[in-house]
Amino acid sequence: MKIASIVGARPQFIKCAPVSRELRNEHEEILIHTGQHYDHGMSEVFFEELAIPKPDYNLGIGSGTHGRQTGAMLGAIEDVLEKEKPDVVLVYGDTNSTLAGALAAAKLHVPVAHIEAGLRSFDRGMPEEVNRVLTDHASDLLFCPTETAIRNLGAEGITKGVHLVGDVMVDAMNYNRGIAEERSRILEDVGVEPGGYLVVTVHRPSNTDDRENMAAILGALAEAGKPAVFPVHPRTRKCLGEYGVLAEMPENVRLIEPLGYLDMIRLMAHAEKILTDSGGVQKEAYMLGVPCITLRENTEWVETVEAGWNVLVGAGREKIVDAIRHFSPGSRQKEIFGNGNASVLIGKILARSQYARSG
Ligand code: UD1
Ligand code: UDP
C-alpha cells in the first residue's frame, strides 16, 4: 500500500517517528514536509535524533497568516498527490499542515487517515480546534488515542472508520526514554538538580499574543522563586522581544533555545513540576509522572485533569503561583493513552482496510 504522510510542525515529527518506522515494514511511505516549521531546532534536529527518513518532498511553505499558509500548502500538496497517486494520505494532529493535507486529499478523492482524531477542547477560538473538526470530517480512517475522542466523534455523527489505537506519543516516549537518559546532558548543561526545578513551555497565541498573559506567567515564575527552565518557541521569543522583556527576565527564569526531543524528555522527567500550554507536553508530563500546570482555561486532554495529574490555571498570576506551591497529584497514574502499540495497530488497520491495493 502506498501511503503519503504529511508533517510540518515539531510535534508531528515526533509523532511520525514511530509510525513511519512501523509503516515501512509493510507499506511504501512517501514523506511530505510542508515546511511549516523550518528552523534547525524546530525541524531537522528531530529528523536527525529520531532517525526519521529524509522527506521525499519539502514544500518549503514557511510562516504566514492562517489563510495564506494553509492555502499555499493546499496547492503544493495537491501537486505532489497528483504525481504520487497514494492509496491513503496520513495526517497528524491539528496544525495547518494537518488541515491542508486532509483537504487536498479529500478534494482528489484520496482516502484520508487522521492520527489523533476526535480531540476537542470545545474552544473554537483556538486555530487547532477548527483544524481538528474539519480534518475529522474529511477523514475516512480516524485513529483515536482515547475513548473520549471516540465519544467526541460520535457526538458529531462520525462513527464509520473510527478506531481506538492509543496514542503514538506513548510509542515515541517508550522508544526514546532510555536513550534520552543515556545521551542527554541537559540537566548538567543548564545547571539544575533532579527534582529542583520547573520546566516551562508557552506557545499558544492566546498567551503569547497577549502581553498581560505573558507578564502574568513571568510574574508568577518570579514570585515562585524556583529555578525555571524555559525552552522558548520562536513565536514566543518574537513576542517577548516585541514586549521588550527579554532583557529583564526574572533571575530564576532561564530562557533557552528550543530543545531536541531527547533533551526535552530528560529535562521534563526530572522536573518538580511542568508549566505548559502545549498539548503534547501535558501528555508527556502524565506519562513521566510529573505534575502538570496547564496555562490554559481548557484542554483536549481531559483525562489528565480527571486523573488529578494536570490542573488548568489559565494565565492568572495567583492561580499559577498557588499551583506551583501546592498542586500535588493524589493517586498513581493509570494507563489512559494506551500501552505503546498504537503505531503497530495503525499499520495493521491500514493494511486490512478497503483502501489497501489488492495483490
Ligand atoms: C504551530 C501549530 C500549533 C502547534 C505548534 C507546535 C498551527 C495553526 N499551529 O504553531 O498547533 O502546537 O505549531 O509547535 O498550525 N517560527 C520560526 N521558525 C520556525 C517556525 C515558526 O521563527 O521554524 C515563527 C514564525 O515567526 C511564525 C511563528 O513562529 O510566524 C508561528 O509559527 P506557526 O507554524 O505559524 O505556528 P506555531 O505557533 O508554531
Ligand atoms: N518539545 C521539544 N522541544 C522543546 C519543546 C517541546 O522537543 O523545546 C516536544 C515536546 O516534548 C512534545 C512536542 O515537542 O513532544 C510538543 O510540541 P509543541 O508543544 O510544540 O506542540 P503541541 O503539542 O502543543 O501541538
# chains A, B, ... in the order shown; residues from 1 in each chain; ligands from 1

$ select_by_dssp --residues "range 103-208 of chain A" --states "helix (DSSP H, G or I)" --output "count of residues only"
50

$ residues_near_ligand --ligand "ligand 1" --cutoff "7 Å" --atoms "only C-alpha atoms and all ligand atoms" --output "PyMOL selection string"
chain A and resi 9-11+36-39+42-43+63-64+66+94-97+127-128+203-205+234-235+238+278-279

$ select_by_dssp --residues "range 47-168 of chain A" --states "strand (DSSP E or B)" --output "list of chain:residue names"
A:Tyr57, A:Asn58, A:Val88, A:Val89, A:Leu90, A:Val91, A:Tyr92, A:Val112, A:Ala113, A:His114, A:Ile115, A:Leu141, A:Leu142, A:Phe143, A:Cys144, A:Val162, A:His163, A:Leu164

$ residues_near_ligand --ligand "ligand 2" --cutoff "8 Å" --atoms "only C-alpha atoms and all ligand atoms" --output "ChimeraX atom specification"
/A:9-12,14-15,42,46,93-95,169,201-204,231-233,257-265,277-281,284

$ residues_around --residues "Asp322 in chain A" --least-positions-apart "6" --cutoff "12 Å" --atoms "only C-alpha atoms" --output "ChimeraX atom specification"
/A:220-221,223-224,293,311-313,316,328

$ closest_atom_pairs --of "range 144-261 of chain A" --to "range 16-33 of chain A" --cutoff "8 Å" --atoms "only C-alpha atoms" --output "JSON lines"
{"residue": "A:Val168", "atom": "CA", "partner": "A:Pro18", "partner_atom": "CA", "distance": 7.2}
{"residue": "A:Asp171", "atom": "CA", "partner": "A:Pro18", "partner_atom": "CA", "distance": 6.3}
{"residue": "A:Ala172", "atom": "CA", "partner": "A:Pro18", "partner_atom": "CA", "distance": 5.8}

$ residues_around --residues "Lys85 in chain A" --least-positions-apart "2" --cutoff "9 Å" --atoms "only C-alpha atoms" --output "JSON list (two decimals) with N, CA and C atoms, in the first residue's frame"
[["chain", "number", "residue", "atom", "x", "y", "z"],
["A", 2, "LYS", "N", 0.51, 2.25, -0.78],
["A", 2, "LYS", "CA", 1.33, 3.46, -0.86],
["A", 2, "LYS", "C", 0.68, 4.55, 0.01],
["A", 4, "ALA", "N", 0.97, 8.37, 1.70],
["A", 4, "ALA", "CA", 1.64, 9.68, 1.72],
["A", 4, "ALA", "C", 1.41, 10.29, 3.10],
["A", 80, "VAL", "N", 1.78, 17.26, -5.38],
["A", 80, "VAL", "CA", 2.50, 16.02, -5.03],
["A", 80, "VAL", "C", 1.55, 14.81, -5.08],
["A", 81, "LEU", "N", 0.35, 14.99, -4.58],
["A", 81, "LEU", "CA", -0.58, 13.85, -4.55],
["A", 81, "LEU", "C", -0.96, 13.44, -5.97],
["A", 82, "GLU", "N", -1.10, 14.42, -6.85],
["A", 82, "GLU", "CA", -1.45, 14.08, -8.24],
["A", 82, "GLU", "C", -0.32, 13.29, -8.89],
["A", 83, "LYS", "N", 0.89, 13.63, -8.53],
["A", 83, "LYS", "CA", 2.04, 12.93, -9.12],
["A", 83, "LYS", "C", 2.20, 11.54, -8.50],
["A", 87, "ASP", "N", -2.43, 5.57, -2.06],
["A", 87, "ASP", "CA", -3.70, 4.92, -1.72],
["A", 87, "ASP", "C", -4.38, 5.63, -0.56],
["A", 88, "VAL", "N", -3.55, 6.19, 0.32],
["A", 88, "VAL", "CA", -4.07, 6.88, 1.51],
["A", 88, "VAL", "C", -3.15, 8.05, 1.83],
["A", 110, "VAL", "N", -8.78, 11.06, -2.49],
["A", 110, "VAL", "CA", -7.82, 10.12, -1.90],
["A", 110, "VAL", "C", -8.24, 9.93, -0.44]]

$ atom_distance --atom1 "CA of Glu188 in chain A" --atom2 "CA of Glu272 in chain A"
16.1 Å

$ closest_residue --among "A:Glu297, A:Glu212, A:Glu181, A:Asp189" --to "Ala269 in chain A" --atoms "only C-alpha atoms"
A:Glu181

$ atom_distance --atom1 "CA of Thr34 in chain A" --atom2 "CA of Ile77 in chain A"
7.9 Å

$ closest_residue --among "A:Cys144, A:Met73, A:Leu267, A:Val112" --to "Val192 in chain A" --atoms "only C-alpha atoms"
A:Leu267

$ closest_residue --among "A:Ala271, A:Arg185, A:Arg68, A:Ile6" --to "Gly101 in chain A" --atoms "only C-alpha atoms"
A:Ile6

$ atom_distance --atom1 "CA of Met249 in chain A" --atom2 "CA of Ala222 in chain A"
8.6 Å

$ closest_residue --among "A:Ile274, A:Ala215, A:Leu90, A:Ala247" --to "Phe230 in chain A" --atoms "only C-alpha atoms"
A:Ile274
